[in-house]
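Inspection log for the structure reproduced underneath, given as structure tokens.
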Amino acid sequence: MSAGLPFRLVAAALFGLFLAFAFPAAASPARSAGSASSAAEAQVDPNPVRPGAQVDVVVTCPAAATSASISATTLDGASNMPMLASTKNPREWSVTLTIPAETQPGTYALGGTCGDGTGFTASVVVATVLGPMGGGGSAMRGPSDTLLIVGILLLATSVAVWRLARR
């Protein structure tokens with residue numbers, strides 16, 4: 001057994017970990033060919049929003065959906081509010097919500113279903129009345145553990161490749 005074999009095993013393990021973090025979809029089990037997406041796509045505009053303002057929620061449902069509804073109970077709204085069909089895209093449904101003036105700053109979850117039973121979620125960020133709108137970047141929450149691990153793995157892999165190339 002050569003002295004370089006344990007080093008090569010460590011380098012290979014580190015490279016495998018790097019690939020698992022860099023390409024998480026490749027490491028997860030594949031879906032069966034017949035499975036459909038379990039959620040429709042929802043967008044909120046504008047986001048963030050101030051209390052008292054309005055937001056538009058647009059949902060893209062599967063082609064088979066003939067209706068859509070949304071629950072805005074987290075914003076003191078109705079629990080089963082029908083959405084309107086888009087005139088531009090038959091798969092899109094929309095609704096305009098008014099954020100109550102007394103809503104506290106924070107993130108509020110909205111949920112709903114398309115007519116075919118497909119669910120969706122959306123988030124509305126309510127900003128403060130006094131402060132500027134913006135922020136919310138990753139620096140506010142501190143360093144990202146995933147980015148730190150990927151950086152360490154990249155550094156270790158580059159050192160391992162450099163050492164192997166010197167032999």
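Residues in the structure tokens are named by chain (A, B, ... in the order shown) and by number from 1 within that chain; ligands are numbered from 1 in the order shown.
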
Compile the contact shell of Gly111 (chain A) as a list in words: residues with an atom at most 7 Å away, counting only C-alpha atoms, same-chain residues fewer than 3 positions apart removed.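 Once the nearby chain positions are removed, what remains is Ile70, Ser71, Phe120, Thr121 and Ala122 of chain A.
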
So which residues touch region 54-67 of chain A within 8 Å, counting only C-alpha atoms, skipping near sequence neighbours fewer than 2 positions away, as a PDB file with N, CA, C and O atoms, in the first residue's frame?
ATOM      1  N   ALA A  40     -48.142  24.396  -8.110  1.00  0.00           N
ATOM      2  CA  ALA A  40     -48.198  25.394  -9.162  1.00  0.00           C
ATOM      3  C   ALA A  40     -47.268  26.542  -8.771  1.00  0.00           C
ATOM      4  O   ALA A  40     -46.867  26.665  -7.624  1.00  0.00           O
ATOM      5  N   GLU A  41     -46.924  27.396  -9.721  1.00  0.00           N
ATOM      6  CA  GLU A  41     -46.041  28.521  -9.444  1.00  0.00           C
ATOM      7  C   GLU A  41     -46.861  29.763  -9.136  1.00  0.00           C
ATOM      8  O   GLU A  41     -47.817  30.070  -9.841  1.00  0.00           O
ATOM      9  N   ALA A  42     -46.469  30.487  -8.094  1.00  0.00           N
ATOM     10  CA  ALA A  42     -47.163  31.713  -7.707  1.00  0.00           C
ATOM     11  C   ALA A  42     -46.161  32.854  -7.571  1.00  0.00           C
ATOM     12  O   ALA A  42     -45.047  32.655  -7.084  1.00  0.00           O
ATOM     13  N   GLN A  43     -46.563  34.040  -8.022  1.00  0.00           N
ATOM     14  CA  GLN A  43     -45.725  35.230  -7.920  1.00  0.00           C
ATOM     15  C   GLN A  43     -46.529  36.356  -7.287  1.00  0.00           C
ATOM     16  O   GLN A  43     -47.724  36.492  -7.544  1.00  0.00           O
ATOM     17  N   VAL A  44     -45.855  37.156  -6.460  1.00  0.00           N
ATOM     18  CA  VAL A  44     -46.479  38.298  -5.786  1.00  0.00           C
ATOM     19  C   VAL A  44     -45.771  39.565  -6.254  1.00  0.00           C
ATOM     20  O   VAL A  44     -44.539  39.620  -6.271  1.00  0.00           O
ATOM     21  N   ASP A  45     -46.540  40.582  -6.626  1.00  0.00           N
ATOM     22  CA  ASP A  45     -45.960  41.832  -7.109  1.00  0.00           C
ATOM     23  C   ASP A  45     -46.801  43.003  -6.632  1.00  0.00           C
ATOM     24  O   ASP A  45     -48.012  42.979  -6.826  1.00  0.00           O
ATOM     25  N   PRO A  46     -46.253  44.016  -6.010  1.00  0.00           N
ATOM     26  CA  PRO A  46     -44.859  44.153  -5.608  1.00  0.00           C
ATOM     27  C   PRO A  46     -44.591  43.365  -4.334  1.00  0.00           C
ATOM     28  O   PRO A  46     -45.502  43.074  -3.577  1.00  0.00           O
ATOM     29  N   ASN A  47     -43.351  43.052  -4.133  1.00  0.00           N
ATOM     30  CA  ASN A  47     -42.952  42.313  -2.947  1.00  0.00           C
ATOM     31  C   ASN A  47     -41.532  42.731  -2.600  1.00  0.00           C
ATOM     32  O   ASN A  47     -40.636  42.419  -3.376  1.00  0.00           O
ATOM     33  N   VAL A  49     -44.119  44.990   0.228  1.00  0.00           N
ATOM     34  CA  VAL A  49     -45.212  45.945   0.106  1.00  0.00           C
ATOM     35  C   VAL A  49     -45.427  46.614   1.459  1.00  0.00           C
ATOM     36  O   VAL A  49     -45.119  46.034   2.497  1.00  0.00           O
ATOM     37  N   GLY A  52     -51.478  48.759   3.790  1.00  0.00           N
ATOM     38  CA  GLY A  52     -52.431  49.619   3.107  1.00  0.00           C
ATOM     39  C   GLY A  52     -52.330  49.567   1.600  1.00  0.00           C
ATOM     40  O   GLY A  52     -53.216  50.046   0.900  1.00  0.00           O
ATOM     41  N   SER A  69     -58.257  29.210  -6.515  1.00  0.00           N
ATOM     42  CA  SER A  69     -58.680  30.001  -5.356  1.00  0.00           C
ATOM     43  C   SER A  69     -57.491  30.148  -4.411  1.00  0.00           C
ATOM     44  O   SER A  69     -56.555  29.356  -4.437  1.00  0.00           O
ATOM     45  N   PRO A  82     -61.955  33.241  -4.834  1.00  0.00           N
ATOM     46  CA  PRO A  82     -61.744  32.833  -6.228  1.00  0.00           C
ATOM     47  C   PRO A  82     -60.791  33.792  -6.939  1.00  0.00           C
ATOM     48  O   PRO A  82     -60.774  34.993  -6.672  1.00  0.00           O
ATOM     49  N   MET A  83     -60.004  33.226  -7.846  1.00  0.00           N
ATOM     50  CA  MET A  83     -59.070  34.020  -8.639  1.00  0.00           C
ATOM     51  C   MET A  83     -59.651  34.179 -10.045  1.00  0.00           C
ATOM     52  O   MET A  83     -60.451  33.361 -10.484  1.00  0.00           O
ATOM     53  N   LEU A  84     -59.236  35.231 -10.736  1.00  0.00           N
ATOM     54  CA  LEU A  84     -59.739  35.521 -12.075  1.00  0.00           C
ATOM     55  C   LEU A  84     -58.823  34.926 -13.139  1.00  0.00           C
ATOM     56  O   LEU A  84     -57.591  34.981 -13.017  1.00  0.00           O
ATOM     57  N   ALA A  85     -59.416  34.410 -14.211  1.00  0.00           N
ATOM     58  CA  ALA A  85     -58.643  33.858 -15.318  1.00  0.00           C
ATOM     59  C   ALA A  85     -57.963  34.983 -16.089  1.00  0.00           C
ATOM     60  O   ALA A  85     -58.531  36.052 -16.278  1.00  0.00           O
ATOM     61  N   PRO A  90     -54.117  31.121 -20.712  1.00  0.00           N
ATOM     62  CA  PRO A  90     -55.190  30.324 -20.122  1.00  0.00           C
ATOM     63  C   PRO A  90     -54.773  29.554 -18.868  1.00  0.00           C
ATOM     64  O   PRO A  90     -55.625  29.078 -18.127  1.00  0.00           O
ATOM     65  N   ARG A  91     -53.475  29.433 -18.609  1.00  0.00           N
ATOM     66  CA  ARG A  91     -52.999  28.721 -17.420  1.00  0.00           C
ATOM     67  C   ARG A  91     -52.826  29.647 -16.221  1.00  0.00           C
ATOM     68  O   ARG A  91     -52.571  29.185 -15.123  1.00  0.00           O
ATOM     69  N   GLU A  92     -52.945  30.975 -16.426  1.00  0.00           N
ATOM     70  CA  GLU A  92     -52.712  31.922 -15.340  1.00  0.00           C
ATOM     71  C   GLU A  92     -54.013  32.400 -14.706  1.00  0.00           C
ATOM     72  O   GLU A  92     -55.010  32.629 -15.385  1.00  0.00           O
ATOM     73  N   TRP A  93     -53.941  32.560 -13.393  1.00  0.00           N
ATOM     74  CA  TRP A  93     -55.061  33.042 -12.580  1.00  0.00           C
ATOM     75  C   TRP A  93     -54.510  34.121 -11.676  1.00  0.00           C
ATOM     76  O   TRP A  93     -53.380  34.029 -11.191  1.00  0.00           O
ATOM     77  N   SER A  94     -55.298  35.184 -11.427  1.00  0.00           N
ATOM     78  CA  SER A  94     -54.773  36.285 -10.622  1.00  0.00           C
ATOM     79  C   SER A  94     -55.829  36.834  -9.676  1.00  0.00           C
ATOM     80  O   SER A  94     -57.036  36.632  -9.868  1.00  0.00           O
ATOM     81  N   VAL A  95     -55.336  37.537  -8.663  1.00  0.00           N
ATOM     82  CA  VAL A  95     -56.189  38.220  -7.697  1.00  0.00           C
ATOM     83  C   VAL A  95     -55.392  39.397  -7.139  1.00  0.00           C
ATOM     84  O   VAL A  95     -54.162  39.334  -7.044  1.00  0.00           O
ATOM     85  N   THR A  96     -56.092  40.481  -6.821  1.00  0.00           N
ATOM     86  CA  THR A  96     -55.465  41.638  -6.186  1.00  0.00           C
ATOM     87  C   THR A  96     -55.904  41.666  -4.728  1.00  0.00           C
ATOM     88  O   THR A  96     -57.101  41.623  -4.440  1.00  0.00           O
ATOM     89  N   LEU A  97     -54.934  41.702  -3.836  1.00  0.00           N
ATOM     90  CA  LEU A  97     -55.211  41.731  -2.399  1.00  0.00           C
ATOM     91  C   LEU A  97     -54.791  43.076  -1.830  1.00  0.00           C
ATOM     92  O   LEU A  97     -53.752  43.622  -2.212  1.00  0.00           O
ATOM     93  N   THR A  98     -55.576  43.596  -0.906  1.00  0.00           N
ATOM     94  CA  THR A  98     -55.218  44.822  -0.192  1.00  0.00           C
ATOM     95  C   THR A  98     -54.672  44.426   1.174  1.00  0.00           C
ATOM     96  O   THR A  98     -55.319  43.696   1.932  1.00  0.00           O
ATOM     97  N   ILE A  99     -53.471  44.881   1.466  1.00  0.00           N
ATOM     98  CA  ILE A  99     -52.840  44.602   2.754  1.00  0.00           C
ATOM     99  C   ILE A  99     -53.470  45.545   3.780  1.00  0.00           C
ATOM    100  O   ILE A  99     -53.434  46.760   3.595  1.00  0.00           O
ATOM    101  N   CYS A 114     -55.340  25.103  -7.393  1.00  0.00           N
ATOM    102  CA  CYS A 114     -55.859  25.201  -8.749  1.00  0.00           C
ATOM    103  C   CYS A 114     -57.067  24.262  -8.835  1.00  0.00           C
ATOM    104  O   CYS A 114     -57.229  23.381  -7.987  1.00  0.00           O
ATOM    105  N   GLY A 115     -57.887  24.438  -9.847  1.00  0.00           N
ATOM    106  CA  GLY A 115     -59.101  23.646  -9.988  1.00  0.00           C
ATOM    107  C   GLY A 115     -58.861  22.156 -10.116  1.00  0.00           C
ATOM    108  O   GLY A 115     -59.750  21.356  -9.821  1.00  0.00           O
ATOM    109  N   ASP A 116     -57.659  21.749 -10.523  1.00  0.00           N
ATOM    110  CA  ASP A 116     -57.356  20.321 -10.645  1.00  0.00           C
ATOM    111  C   ASP A 116     -56.787  19.735  -9.358  1.00  0.00           C
ATOM    112  O   ASP A 116     -56.377  18.582  -9.328  1.00  0.00           O
ATOM    113  N   THR A 118     -54.084  20.933  -7.692  1.00  0.00           N
ATOM    114  CA  THR A 118     -52.686  21.293  -7.508  1.00  0.00           C
ATOM    115  C   THR A 118     -52.588  22.471  -6.546  1.00  0.00           C
ATOM    116  O   THR A 118     -53.267  23.472  -6.717  1.00  0.00           O
ATOM    117  N   PHE A 120     -50.541  25.553  -4.282  1.00  0.00           N
ATOM    118  CA  PHE A 120     -49.481  26.539  -4.449  1.00  0.00           C
ATOM    119  C   PHE A 120     -49.339  27.347  -3.170  1.00  0.00           C
ATOM    120  O   PHE A 120     -50.251  27.408  -2.357  1.00  0.00           O
TER     121      PHE A 120
END

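Computed from the coordinates, the CA of Asp145 (chain A) to CA of Ser158 (chain A) distance equals 19.9 Å.
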